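Quick look at input38.txt (compact mmCIF, C-alpha atoms):
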```txt
# COMPACT_ATOMS: atom_id res chain seq x y z
CA MET K 1 -5.49 1.92 -45.28
CA SER K 2 -8.20 3.79 -47.14
CA PRO K 3 -9.24 7.16 -45.66
CA ASN K 4 -12.67 5.78 -44.64
CA LEU K 5 -11.22 2.88 -42.72
CA LYS K 6 -8.68 5.15 -41.08
CA ALA K 7 -11.49 7.50 -40.01
CA ALA K 8 -13.46 4.58 -38.58
CA LEU K 9 -10.54 3.48 -36.44
CA LEU K 10 -9.05 6.82 -35.43
CA GLY K 11 -12.11 9.07 -35.32
CA PRO K 12 -13.47 7.74 -32.03
CA LEU K 13 -10.11 8.23 -30.37
CA ASN K 14 -10.48 11.98 -30.65
CA LYS K 15 -12.94 13.94 -32.75
CA ASN K 16 -15.74 11.39 -32.52
CA ASN K 17 -15.04 10.04 -29.04
CA PRO K 18 -18.03 8.06 -27.74
CA ILE K 19 -17.94 9.60 -24.26
CA LEU K 20 -16.65 13.09 -24.99
CA VAL K 21 -18.49 13.82 -28.22
CA GLN K 22 -21.22 11.25 -28.79
CA VAL K 23 -21.96 11.33 -25.02
CA LEU K 24 -22.57 7.61 -24.79
CA GLY K 25 -21.53 5.07 -22.16
CA ILE K 26 -21.42 7.55 -19.28
CA CYS K 27 -23.02 5.25 -16.68
CA SER K 28 -20.30 2.63 -16.63
CA ALA K 29 -17.68 5.37 -16.93
CA LEU K 30 -18.87 6.51 -13.50
CA ALA K 31 -19.40 3.11 -11.93
CA VAL K 32 -16.25 1.09 -12.63
CA THR K 33 -13.62 3.82 -12.43
CA THR K 34 -13.09 3.66 -8.65
CA LYS K 35 -10.11 1.44 -9.39
CA LEU K 36 -7.70 1.46 -12.32
CA GLU K 37 -7.83 -2.33 -12.63
CA SER K 38 -11.61 -2.44 -13.10
CA SER K 39 -11.39 0.39 -15.61
CA LEU K 40 -8.84 -1.57 -17.65
CA VAL K 41 -10.82 -4.79 -17.61
CA MET K 42 -14.07 -3.01 -18.46
CA ALA K 43 -12.34 -1.17 -21.31
CA ILE K 44 -10.95 -4.41 -22.75
CA SER K 45 -14.32 -6.16 -22.40
CA VAL K 46 -16.12 -3.32 -24.20
CA ILE K 47 -13.53 -3.26 -27.03
CA ILE K 48 -14.00 -6.98 -27.59
CA VAL K 49 -17.80 -6.91 -27.38
CA VAL K 50 -18.33 -3.83 -29.58
CA ALA K 51 -15.82 -4.99 -32.22
CA LEU K 52 -17.16 -8.55 -32.43
CA SER K 53 -20.85 -7.61 -32.37
CA ASN K 54 -20.14 -4.96 -35.02
CA VAL K 55 -18.65 -7.68 -37.25
CA ILE K 56 -21.49 -10.13 -36.66
CA ILE K 57 -24.23 -7.60 -37.33
CA SER K 58 -22.36 -6.31 -40.36
CA LEU K 59 -22.17 -9.84 -41.78
CA LEU K 60 -25.89 -10.33 -41.14
CA ARG K 61 -27.02 -6.86 -42.14
CA LYS K 62 -28.44 -7.78 -45.54
CA SER K 63 -30.54 -10.60 -44.17
CA ILE K 64 -32.01 -9.03 -41.03
CA PRO K 65 -35.72 -8.26 -41.45
CA ASN K 66 -36.22 -4.58 -40.83
CA ARG K 67 -38.91 -4.79 -38.19
CA ILE K 68 -36.86 -6.96 -35.82
CA ARG K 69 -33.49 -5.39 -36.47
CA ILE K 70 -33.17 -3.80 -33.02
CA ILE K 71 -34.12 -7.12 -31.43
CA VAL K 72 -31.51 -8.97 -33.47
CA GLN K 73 -28.86 -6.42 -32.45
CA LEU K 74 -29.85 -6.87 -28.82
CA VAL K 75 -29.70 -10.67 -29.04
CA VAL K 76 -26.24 -10.60 -30.59
CA ALA K 77 -25.02 -8.07 -28.01
CA ALA K 78 -26.53 -9.94 -25.05
CA ALA K 79 -25.14 -13.29 -26.22
CA LEU K 80 -21.64 -11.86 -26.61
CA VAL K 81 -21.72 -10.17 -23.21
CA THR K 82 -22.93 -13.38 -21.57
CA LEU K 83 -20.02 -15.20 -23.21
CA VAL K 84 -17.54 -12.60 -21.90
CA SER K 85 -19.06 -12.87 -18.44
CA GLU K 86 -18.89 -16.68 -18.39
CA ILE K 87 -15.29 -16.68 -19.62
CA LEU K 88 -14.27 -14.14 -16.97
CA LYS K 89 -15.92 -16.23 -14.26
CA ALA K 90 -13.95 -19.27 -15.37
CA TYR K 91 -10.55 -17.74 -16.08
CA ALA K 92 -10.34 -14.46 -14.11
CA TYR K 93 -12.62 -14.99 -11.14
CA ASP K 94 -11.30 -12.19 -8.91
CA VAL K 95 -11.79 -9.65 -11.67
CA SER K 96 -15.24 -10.96 -12.52
CA LYS K 97 -16.24 -10.53 -8.87
CA GLN K 98 -15.42 -6.85 -9.04
CA LEU K 99 -17.14 -6.36 -12.35
CA SER K 100 -20.09 -8.66 -11.65
CA VAL K 101 -22.97 -6.31 -12.28
CA TYR K 102 -21.16 -4.12 -14.77
CA VAL K 103 -20.27 -6.83 -17.27
CA GLY K 104 -23.96 -7.50 -17.68
CA LEU K 105 -24.49 -3.77 -18.04
CA ILE K 106 -22.34 -3.66 -21.16
CA VAL K 107 -25.49 -4.68 -23.00
CA THR K 108 -27.20 -1.49 -21.91
CA ASN K 109 -24.11 0.53 -22.78
CA CYS K 110 -25.38 2.94 -25.41
CA ILE K 111 -22.08 2.79 -27.29
CA LEU K 112 -22.84 -0.79 -28.25
CA MET K 113 -26.32 -0.27 -29.62
CA GLY K 114 -25.26 3.12 -30.99
CA ARG K 115 -22.51 1.68 -33.17
CA LEU K 116 -24.54 -1.32 -34.28
CA GLU K 117 -27.34 0.92 -35.52
CA ALA K 118 -25.23 3.77 -36.84
CA PHE K 119 -22.37 1.86 -38.43
CA ALA K 120 -22.61 -1.92 -38.59
CA MET K 121 -26.03 -1.91 -40.27
CA GLY K 122 -24.63 0.06 -43.16
CA ASN K 123 -21.00 -0.95 -43.58
CA GLY K 124 -18.86 -3.94 -44.38
CA PRO K 125 -17.38 -6.28 -41.76
CA TRP K 126 -13.78 -5.05 -41.85
CA ALA K 127 -14.82 -1.38 -41.53
CA SER K 128 -17.26 -2.33 -38.77
CA PHE K 129 -14.53 -4.21 -36.94
CA LEU K 130 -12.26 -1.16 -37.06
CA ASP K 131 -15.12 1.08 -35.96
CA GLY K 132 -15.74 -1.22 -32.99
CA ILE K 133 -12.07 -1.24 -32.02
CA GLY K 134 -11.88 2.54 -32.44
CA ASN K 135 -14.94 3.24 -30.29
CA GLY K 136 -13.82 0.71 -27.70
CA LEU K 137 -10.41 2.37 -27.50
CA GLY K 138 -11.97 5.85 -27.38
CA TYR K 139 -14.16 4.74 -24.48
CA GLY K 140 -11.22 2.88 -22.94
CA TRP K 141 -8.76 5.74 -22.73
CA ILE K 142 -11.32 7.94 -21.00
CA LEU K 143 -12.07 5.16 -18.52
CA VAL K 144 -8.40 4.56 -17.80
CA THR K 145 -7.76 8.29 -17.31
CA VAL K 146 -10.67 8.72 -14.90
CA GLY K 147 -9.80 5.47 -13.11
CA PHE K 148 -6.17 6.56 -12.77
CA ILE K 149 -7.13 9.87 -11.16
CA ARG K 150 -9.83 8.42 -8.93
CA GLU K 151 -7.75 5.57 -7.57
CA LEU K 152 -4.65 7.73 -7.11
CA PHE K 153 -6.37 10.50 -5.19
CA GLY K 154 -9.14 8.42 -3.66
CA SER K 155 -7.04 5.55 -2.27
CA GLY K 156 -3.43 6.57 -2.77
CA THR K 157 -2.87 3.41 -4.83
CA LEU K 158 -2.57 2.41 -8.48
CA LEU K 159 -3.52 -1.11 -9.54
CA GLY K 160 -3.57 -1.90 -5.84
CA TYR K 161 0.01 -0.87 -5.19
CA LYS K 162 0.59 1.95 -2.73
CA VAL K 163 1.90 4.95 -4.66
CA ILE K 164 1.53 7.88 -2.29
CA PRO K 165 4.36 7.50 0.23
CA GLN K 166 3.60 7.10 3.92
CA SER K 167 5.49 10.33 4.63
CA PHE K 168 2.72 12.26 2.92
CA TYR K 169 0.10 10.71 5.20
CA ASP K 170 2.24 11.39 8.24
CA ALA K 171 2.46 15.05 7.21
CA GLY K 172 -1.31 15.29 7.24
CA TYR K 173 -2.31 14.26 3.68
CA MET K 174 -5.55 12.31 3.48
CA ASP K 175 -7.17 10.29 0.72
CA ASN K 176 -9.95 12.23 -0.97
CA GLY K 177 -13.11 10.34 -0.09
CA PHE K 178 -15.17 12.29 -2.61
CA MET K 179 -13.10 10.76 -5.40
CA MET K 180 -14.65 7.40 -4.58
CA LEU K 181 -18.17 8.61 -5.24
CA ALA K 182 -19.83 8.63 -8.67
CA PRO K 183 -20.41 12.41 -8.95
CA MET K 184 -16.66 12.94 -8.93
CA ALA K 185 -16.32 10.81 -12.04
CA LEU K 186 -18.91 13.01 -13.72
CA LEU K 187 -16.92 16.10 -12.75
CA LEU K 188 -13.71 14.54 -14.06
CA VAL K 189 -15.35 13.63 -17.38
CA GLY K 190 -16.62 17.20 -17.54
CA CYS K 191 -13.11 18.52 -17.05
CA ILE K 192 -11.79 16.21 -19.76
CA ILE K 193 -14.53 17.44 -22.12
CA TRP K 194 -13.53 21.01 -21.27
CA ILE K 195 -9.88 20.37 -22.16
CA HIS K 196 -10.93 18.39 -25.24
CA ARG K 197 -13.22 21.12 -26.57
CA SER K 198 -10.64 23.83 -26.11
CA LYS K 199 -8.20 21.73 -28.16
CA ASN K 200 -10.89 21.05 -30.80
CA PRO K 201 -12.76 24.35 -31.22
CA GLU K 202 -14.79 23.03 -34.15
CA LEU K 203 -16.63 20.73 -31.75
CA GLN K 204 -17.86 23.62 -29.62
CA GLU K 205 -21.53 24.36 -29.99
CA GLU K 206 -22.68 27.66 -31.48
CA GLN K 207 -23.69 30.23 -28.88
CA MET N 1 -50.17 -16.15 -43.53
CA LEU N 2 -48.85 -17.27 -46.86
CA LEU N 3 -45.42 -18.82 -46.56
CA LYS N 4 -44.18 -18.13 -50.04
CA ILE N 5 -40.41 -18.11 -50.20
CA ASN N 6 -38.76 -18.71 -53.53
CA ASP N 7 -35.19 -18.04 -54.57
CA GLU N 8 -35.83 -15.16 -56.97
CA ASN N 9 -37.53 -12.74 -54.69
CA MET N 10 -37.35 -13.91 -51.08
CA ASN N 11 -39.42 -11.35 -49.27
CA LYS N 12 -37.20 -10.22 -46.45
CA GLU N 13 -40.01 -8.25 -44.89
CA GLY N 14 -42.54 -11.04 -45.08
CA GLY N 15 -44.04 -12.45 -41.88
CA GLY N 16 -42.88 -15.97 -42.60
CA TYR N 17 -39.29 -14.99 -43.21
CA THR N 18 -39.22 -12.82 -40.08
CA LEU N 19 -40.59 -15.62 -37.95
CA ALA N 20 -38.18 -18.18 -39.35
CA TYR N 21 -35.24 -15.79 -38.95
CA ALA N 22 -36.09 -14.99 -35.34
CA SER N 23 -36.61 -18.64 -34.45
CA ILE N 24 -33.36 -19.86 -35.98
CA MET N 25 -31.38 -17.01 -34.42
CA VAL N 26 -32.77 -17.73 -30.97
CA ILE N 27 -32.09 -21.47 -31.26
CA ILE N 28 -28.49 -20.90 -32.36
CA VAL N 29 -27.83 -18.46 -29.52
CA ALA N 30 -29.41 -20.79 -26.95
CA LEU N 31 -27.25 -23.69 -28.12
CA LEU N 32 -24.12 -21.57 -28.10
CA LEU N 33 -24.70 -20.23 -24.59
CA SER N 34 -25.64 -23.58 -23.06
CA PHE N 35 -22.61 -25.21 -24.64
CA THR N 36 -20.33 -22.50 -23.27
CA HIS N 37 -21.86 -22.68 -19.82
CA GLN N 38 -21.63 -26.46 -19.80
CA SER N 39 -17.96 -26.54 -20.72
CA LEU N 40 -17.01 -23.76 -18.31
CA SER N 41 -19.16 -24.65 -15.32
CA GLU N 42 -16.63 -27.00 -13.71
CA LYS N 43 -13.94 -24.31 -13.78
CA GLN N 44 -16.39 -21.77 -12.45
CA THR N 45 -17.47 -23.98 -9.55
CA THR N 46 -13.81 -24.55 -8.66
CA ASN N 47 -13.35 -20.77 -8.57
CA VAL N 48 -16.42 -20.17 -6.42
CA ASN N 49 -15.38 -22.90 -3.98
CA ARG N 50 -11.82 -21.61 -3.80
CA ASP N 51 -13.13 -18.13 -3.09
CA LYS N 52 -15.25 -19.45 -0.22
CA MET N 53 -12.23 -21.27 1.19
CA GLN N 54 -10.24 -18.02 1.04
CA GLN N 55 -13.00 -16.26 2.97
CA ILE N 56 -13.03 -18.94 5.67
CA LEU N 57 -9.25 -18.76 5.90
CA ARG N 58 -9.39 -14.97 6.27
CA SER N 59 -11.64 -15.40 9.30
CA LEU N 60 -8.71 -17.40 10.72
CA LYS N 61 -6.49 -14.39 9.96
CA ILE N 62 -4.84 -16.17 7.04
CA ASP N 63 -4.70 -14.36 3.70
CA ALA N 64 -4.06 -17.16 1.25
CA PRO N 65 -3.43 -16.32 -2.42
CA ALA N 66 -5.48 -18.23 -4.97
CA HIS N 67 -2.88 -20.84 -5.84
CA GLU N 68 -2.31 -21.80 -2.18
CA ALA N 69 -5.87 -21.50 -0.89
CA VAL N 70 -7.16 -25.05 -1.37
CA GLU N 71 -4.03 -26.65 0.09
CA LYS N 72 -4.04 -24.33 3.10
CA TYR N 73 -7.75 -24.91 3.66
CA ASN N 74 -7.35 -28.67 3.59
CA SER N 75 -4.45 -28.54 6.03
CA LEU N 76 -6.23 -26.34 8.60
CA ILE N 77 -9.86 -27.37 8.46
CA THR N 78 -10.17 -30.59 10.42
CA ASN N 79 -13.92 -31.11 10.38
CA ALA N 80 -17.18 -29.66 9.09
CA TYR N 81 -20.78 -30.61 9.83
CA LEU N 82 -24.32 -29.35 10.20
CA ILE N 83 -26.05 -28.58 13.49
CA ARG N 84 -29.60 -27.87 14.50
CA GLU N 85 -30.64 -24.67 16.26
CA ASP N 86 -30.78 -26.59 19.56
CA GLY N 87 -27.04 -27.11 19.20
CA THR N 88 -27.00 -30.82 18.39
CA LYS N 89 -24.99 -32.18 15.50
CA ILE N 90 -26.88 -33.72 12.61
CA ASP N 91 -25.63 -37.28 12.21
CA GLY N 92 -24.05 -38.16 8.91
CA SER N 93 -23.38 -34.52 8.00
CA GLU N 94 -19.65 -34.63 8.69
CA GLY N 95 -17.25 -33.97 5.83
CA VAL N 96 -14.77 -31.29 4.80
CA THR N 97 -14.92 -31.41 1.01
CA PRO N 98 -16.93 -28.88 -1.03
CA GLU N 99 -19.38 -31.62 -1.89
CA ASP N 100 -20.15 -32.41 1.74
CA PRO N 101 -23.16 -30.90 3.54
CA ALA N 102 -21.39 -28.13 5.51
CA PHE N 103 -19.64 -26.45 2.58
CA SER N 104 -22.52 -26.88 0.19
CA THR N 105 -25.31 -25.67 2.47
CA ASN N 106 -26.38 -22.12 1.78
CA ILE N 107 -27.51 -20.43 4.99
CA THR N 108 -29.37 -17.69 3.15
CA GLU N 109 -31.99 -20.30 2.41
CA GLY N 110 -32.86 -20.60 6.09
CA ALA N 111 -31.87 -22.76 9.02
CA GLU N 112 -34.13 -25.74 8.30
CA GLY N 113 -31.51 -27.47 6.18
CA GLY N 114 -29.04 -27.39 9.05
CA LEU N 115 -26.44 -24.84 10.11
CA PRO N 116 -22.84 -25.35 8.94
CA VAL N 117 -19.95 -25.35 11.41
CA TYR N 118 -16.29 -25.65 10.43
CA GLU N 119 -13.59 -26.78 12.84
CA ALA N 120 -9.99 -25.69 12.38
CA GLU N 121 -6.76 -26.47 14.16
CA VAL N 122 -4.71 -23.28 14.47
CA GLY N 123 -1.61 -22.96 16.66
CA GLY N 124 -2.50 -26.07 18.64
CA SER N 125 -6.03 -25.00 19.57
CA LYS N 126 -9.40 -25.64 18.01
CA LYS N 127 -11.39 -22.87 16.38
CA TYR N 128 -15.02 -22.97 15.30
CA ILE N 129 -16.01 -21.05 12.21
CA ILE N 130 -19.62 -20.11 11.60
CA PRO N 131 -21.05 -18.48 8.48
CA LEU N 132 -23.08 -15.26 8.68
CA SER N 133 -25.71 -13.85 6.36
CA GLY N 134 -27.42 -10.47 6.42
CA SER N 135 -28.20 -7.37 4.41
CA GLY N 136 -26.57 -3.98 4.13
CA LEU N 137 -27.64 -0.81 2.39
CA TRP N 138 -27.76 -1.92 -1.24
CA GLY N 139 -27.63 -5.69 -1.04
CA ALA N 140 -26.41 -8.80 0.72
CA VAL N 141 -23.75 -8.76 3.38
CA TRP N 142 -22.14 -11.94 4.67
CA GLY N 143 -19.16 -13.19 6.63
CA TYR N 144 -17.47 -15.82 8.75
CA LEU N 145 -16.73 -15.66 12.47
CA ALA N 146 -13.95 -17.75 14.01
CA VAL N 147 -14.63 -18.52 17.68
CA ASN N 148 -12.24 -20.00 20.26
CA GLU N 149 -12.81 -23.28 22.08
CA ASP N 150 -14.55 -21.44 24.91
CA GLY N 151 -17.41 -20.68 22.57
CA THR N 152 -17.42 -16.97 23.31
CA THR N 153 -14.11 -15.33 22.42
CA ILE N 154 -13.71 -14.17 18.83
CA TYR N 155 -10.48 -15.26 17.14
CA GLY N 156 -11.04 -13.54 13.79
CA SER N 157 -13.67 -12.36 11.37
CA GLU N 158 -14.27 -12.01 7.65
CA PHE N 159 -16.92 -9.87 5.95
CA GLY N 160 -18.10 -9.62 2.38
CA HIS N 161 -20.73 -7.65 0.52
CA ALA N 162 -22.42 -7.61 -2.85
CA SER N 163 -22.77 -3.91 -3.57
CA GLU N 164 -22.06 -1.63 -0.64
CA THR N 165 -20.64 1.81 -1.34
CA PRO N 166 -16.90 1.83 -2.08
CA GLY N 167 -14.98 3.75 0.57
CA LEU N 168 -17.92 3.65 2.98
CA GLY N 169 -19.95 0.51 3.64
CA ALA N 170 -17.49 -1.51 1.58
CA GLU N 171 -14.82 -0.82 4.21
CA ILE N 172 -16.19 -3.68 6.33
CA VAL N 173 -13.95 -6.02 4.33
CA GLU N 174 -10.81 -4.17 5.42
CA TYR N 175 -8.67 -5.51 8.22
CA ALA N 176 -9.01 -2.21 10.13
CA PHE N 177 -12.68 -2.98 10.74
CA ARG N 178 -12.36 -6.74 11.18
CA ALA N 179 -9.43 -6.58 13.62
CA GLN N 180 -11.65 -4.92 16.22
CA PHE N 181 -13.54 -8.16 16.79
CA GLU N 182 -10.49 -10.10 17.98
CA GLY N 183 -10.75 -10.92 21.67
CA LYS N 184 -14.34 -9.72 22.05
CA HIS N 185 -16.93 -11.97 23.70
CA LEU N 186 -20.28 -13.20 22.39
CA PHE N 187 -21.61 -14.13 25.83
CA LYS N 188 -21.85 -11.99 28.95
CA ASN N 189 -22.70 -13.72 32.23
CA GLY N 190 -23.78 -16.81 30.37
CA GLU N 191 -26.22 -14.83 28.22
CA PHE N 192 -25.82 -14.44 24.46
CA THR N 193 -25.30 -10.72 23.83
CA SER N 194 -23.45 -10.84 20.49
CA ILE N 195 -21.15 -7.99 19.59
CA ALA N 196 -22.61 -4.59 18.78
CA VAL N 197 -21.45 -2.34 15.97
CA VAL N 198 -21.86 1.17 17.32
CA LYS N 199 -21.33 4.68 16.03
CA LYS N 200 -17.76 5.71 16.65
CA GLY N 201 -17.51 7.50 19.96
CA THR N 202 -20.48 5.82 21.60
CA THR N 203 -20.30 2.89 24.00
CA ASP N 204 -22.44 -0.03 25.07
CA SER N 205 -22.31 -1.07 28.70
CA LYS N 206 -24.30 -4.28 28.36
CA ARG N 207 -22.13 -5.98 25.76
CA ASP N 208 -18.89 -5.93 23.80
CA TYR N 209 -18.86 -3.56 20.85
CA VAL N 210 -16.79 -2.34 17.89
CA ASP N 211 -16.78 0.97 16.02
CA GLY N 212 -18.85 1.13 12.88
CA ILE N 213 -17.76 2.73 9.61
CA SER N 214 -18.00 6.53 9.54
CA GLY N 215 -20.34 7.41 6.72
CA GLY N 216 -21.43 3.77 6.40
CA THR N 217 -24.13 3.78 9.05
CA ILE N 218 -26.65 1.51 7.38
CA THR N 219 -24.05 -1.05 6.39
CA SER N 220 -22.69 -1.00 9.94
CA LYS N 221 -26.21 -1.52 11.28
CA GLY N 222 -26.59 -4.39 8.84
CA VAL N 223 -23.46 -6.04 10.22
CA ASN N 224 -24.72 -5.41 13.76
CA ASN N 225 -28.03 -7.14 13.02
CA MET N 226 -26.29 -9.96 11.16
CA LEU N 227 -24.09 -10.63 14.18
CA LEU N 228 -27.17 -10.75 16.37
CA GLU N 229 -29.42 -12.88 14.18
CA SER N 230 -27.00 -15.14 12.30
CA VAL N 231 -24.80 -15.86 15.29
CA GLY N 232 -27.94 -16.10 17.43
CA LEU N 233 -28.86 -19.28 15.55
CA TYR N 234 -25.68 -20.84 16.93
CA GLN N 235 -26.00 -19.70 20.54
CA ASN N 236 -27.02 -23.09 21.91
CA PHE N 237 -24.16 -24.77 20.08
CA LEU N 238 -21.68 -22.18 21.35
CA LYS N 239 -23.02 -22.35 24.90
CA ASN N 240 -22.49 -26.13 24.90
CA LEU N 241 -18.84 -25.63 23.96
CA SER N 242 -18.03 -24.04 27.31
CA THR N 243 -19.84 -26.69 29.34
CA PRO N 244 -17.98 -30.00 29.56
CA GLN N 245 -19.86 -32.73 27.62
```

Would you mind writing the file's structure down as structure tokens?
Amino acid sequence: MSPNLKAALLGPLNKNNPILVQVLGICSALAVTTKLESSLVMAISVIIVVALSNVIISLLRKSIPNRIRIIVQLVVAAALVTLVSEILKAYAYDVSKQLSVYVGLIVTNCILMGRLEAFAMGNGPWASFLDGIGNGLGYGWILVTVGFIRELFGSGTLLGYKVIPQSFYDAGYMDNGFMMLAPMALLLVGCIIWIHRSKNPELQEEQ
Amino acid sequence: MLLKINDENMNKEGGGYTLAYASIMVIIVALLLSFTHQSLSEKQTTNVNRDKMQQILRSLKIDAPAHEAVEKYNSLITNAYLIREDGTKIDGSEGVTPEDPAFSTNITEGAEGGLPVYEAEVGGSKKYIIPLSGSGLWGAVWGYLAVNEDGTTIYGSEFGHASETPGLGAEIVEYAFRAQFEGKHLFKNGEFTSIAVVKKGTTDSKRDYVDGISGGTITSKGVNNMLLESVGLYQNFLKNLSTPQ
């Protein structure tokens, strides 16, 4: 794979992570991470939508009139998200119930519009596809990490299965209710950014 | 506006091109989405109906997984019909399938269309299931109440919500909250008193009560009001159950 394509795919996983570095997509990172299952489904949905809309916009990029380009991006994004939502409702109803509002919110997810504007409008379809997958995965692993921690410490379960043994509860351990609230997700993302920046000093801002 | 588009130098920024582009794009998207919705809508309706059946079954204390739900529902629900607020049955409204009046009537649209009642046969005795509709803190709250043949004792309950806070208001769906209703009475001394949802630690001398959710006060109040208003619509029907016809 050429160095540019490799950068498009792997960059967002670390040095150009949409949540940690570009600071995009925070809202849904807070909202859906109360459970690991929702985090996984949201991550997969975003990967699919960003990758596919990146490809479509990239294929259309030379024909889109400049003054309606944002509108065209929005229409493509909204149509794709509606398709994902309809398919979930038909084939994975329980999951779609949990995600109901959030699937629609993928359209407002800044990562989507951000990548369409910043990458798909100026690059070929294959590179755009990889960029979409990369950003989706970068967003996804953060979501899964936060969801893992929040569900484990907030409900004592993972993917719905009880993980913390009853003996802990009998000894006085209690589920951390604060973990279930949105501000905790923000704190967790902050901690991840902290660890990430110390491992990547070049990303730290100048004093 | 001069619509001048020729092959050599098609003006991408021209008004005519922009208009044509936007129109064609919108038409294609509209066709695509309506086609998708059309082909998927039957599956979606099946899912929505199955979900409702699972909710009704949960009010009968039966947690049926998706692949068993429809069969279980059909084996337990013996009748379904609409009633008026005065307690009388609306003729011709009987039928247990999702297409029949009871299942397909949405009580959030008001009582004028008739109030659904479901009858079930559980453990040799008849239960009456009535749907509930109310509002919580952030959005809609709903549920189903299964009442014994005497028209006052609660057999089981089921609650659902659209967007209550996870860990707080959302706890109303958990069995810990719902189990409290079992055995409680809707009528005291022949009067409809409903069941109150009170702050944990407080009591109510005039009627039966359950503990609300700590930290979920507004949702708990919403359930309290829903039990009063929604079930209130059925009080004549329920009162008639205890008096021999």

Can you check which parts of chain N lie within 10 Å of chain K? Per residue, the shortest pair of atoms and distance in Å to one decimal, counting all atoms listed in the file, sorted by chain and number, as a Markdown table.
```
| residue | atom | partner | partner_atom | distance |
| --- | --- | --- | --- | --- |
| N:Asn11 | CA | K:Pro65 | CA | 9.2 |
| N:Lys12 | CA | K:Pro65 | CA | 5.6 |
| N:Glu13 | CA | K:Pro65 | CA | 5.5 |
| N:Gly14 | CA | K:Pro65 | CA | 8.2 |
| N:Gly15 | CA | K:Pro65 | CA | 9.3 |
| N:Tyr17 | CA | K:Pro65 | CA | 7.8 |
| N:Thr18 | CA | K:Pro65 | CA | 5.9 |
| N:Leu19 | CA | K:Pro65 | CA | 9.5 |
| N:Tyr21 | CA | K:Ile64 | CA | 7.8 |
| N:Ala22 | CA | K:Val72 | CA | 7.8 |
| N:Met25 | CA | K:Val72 | CA | 8.1 |
| N:Val26 | CA | K:Val75 | CA | 7.9 |
| N:Val29 | CA | K:Ala79 | CA | 6.7 |
| N:Ala30 | CA | K:Ala79 | CA | 8.7 |
| N:Leu32 | CA | K:Ala79 | CA | 8.6 |
| N:Leu33 | CA | K:Leu83 | CA | 7.0 |
| N:Thr36 | CA | K:Leu83 | CA | 7.3 |
| N:His37 | CA | K:Glu86 | CA | 6.8 |
| N:Ser39 | CA | K:Ala90 | CA | 9.9 |
| N:Leu40 | CA | K:Ala90 | CA | 6.2 |
| N:Ser41 | CA | K:Ala90 | CA | 7.5 |
| N:Glu42 | CA | K:Ala90 | CA | 8.3 |
| N:Lys43 | CA | K:Ala90 | CA | 5.3 |
| N:Gln44 | CA | K:Ala90 | CA | 4.6 |
| N:Thr45 | CA | K:Ala90 | CA | 8.3 |
| N:Thr46 | CA | K:Ala90 | CA | 8.5 |
| N:Asn47 | CA | K:Tyr93 | CA | 6.4 |
| N:Val48 | CA | K:Tyr93 | CA | 8.0 |
| N:Arg50 | CA | K:Tyr93 | CA | 9.9 |
| N:Asp51 | CA | K:Asp94 | CA | 8.5 |
| N:Ala66 | CA | K:Asp94 | CA | 9.3 |
| N:Ala162 | CA | K:Lys97 | CA | 9.1 |
| N:Ser163 | CA | K:Val101 | CA | 9.0 |
| N:Thr165 | CA | K:Leu181 | CA | 8.2 |
| N:Pro166 | CA | K:Met180 | CA | 6.5 |
| N:Gly167 | CA | K:Met180 | CA | 6.3 |
| N:Leu168 | CA | K:Gly177 | CA | 8.8 |
```

Write out, as a compact mmCIF listing (two decimals), in the frame of the given file, the residues just selected, with C-alpha atoms.
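Produced file selection35.txt, reproduced below:
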```
# COMPACT_ATOMS: atom_id res chain seq x y z
CA ASN N 11 -39.42 -11.35 -49.27
CA LYS N 12 -37.20 -10.22 -46.45
CA GLU N 13 -40.01 -8.25 -44.89
CA GLY N 14 -42.54 -11.04 -45.08
CA GLY N 15 -44.04 -12.45 -41.88
CA TYR N 17 -39.29 -14.99 -43.21
CA THR N 18 -39.22 -12.82 -40.08
CA LEU N 19 -40.59 -15.62 -37.95
CA TYR N 21 -35.24 -15.79 -38.95
CA ALA N 22 -36.09 -14.99 -35.34
CA MET N 25 -31.38 -17.01 -34.42
CA VAL N 26 -32.77 -17.73 -30.97
CA VAL N 29 -27.83 -18.46 -29.52
CA ALA N 30 -29.41 -20.79 -26.95
CA LEU N 32 -24.12 -21.57 -28.10
CA LEU N 33 -24.70 -20.23 -24.59
CA THR N 36 -20.33 -22.50 -23.27
CA HIS N 37 -21.86 -22.68 -19.82
CA SER N 39 -17.96 -26.54 -20.72
CA LEU N 40 -17.01 -23.76 -18.31
CA SER N 41 -19.16 -24.65 -15.32
CA GLU N 42 -16.63 -27.00 -13.71
CA LYS N 43 -13.94 -24.31 -13.78
CA GLN N 44 -16.39 -21.77 -12.45
CA THR N 45 -17.47 -23.98 -9.55
CA THR N 46 -13.81 -24.55 -8.66
CA ASN N 47 -13.35 -20.77 -8.57
CA VAL N 48 -16.42 -20.17 -6.42
CA ARG N 50 -11.82 -21.61 -3.80
CA ASP N 51 -13.13 -18.13 -3.09
CA ALA N 66 -5.48 -18.23 -4.97
CA ALA N 162 -22.42 -7.61 -2.85
CA SER N 163 -22.77 -3.91 -3.57
CA THR N 165 -20.64 1.81 -1.34
CA PRO N 166 -16.90 1.83 -2.08
CA GLY N 167 -14.98 3.75 0.57
CA LEU N 168 -17.92 3.65 2.98
```

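One finds CA of Gly140 (chain K) at 19.8 Å from CA of Asn200 (chain K).
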
Rank K:Thr157, K:Gln73, K:Gln204, K:Asn14 by their smallest atom-to-atom distance to Val55 (chain K), using all atoms listed in the file, and report the top residue only.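 Of all the options, K:Gln73 lies closest to Val55 (chain K).
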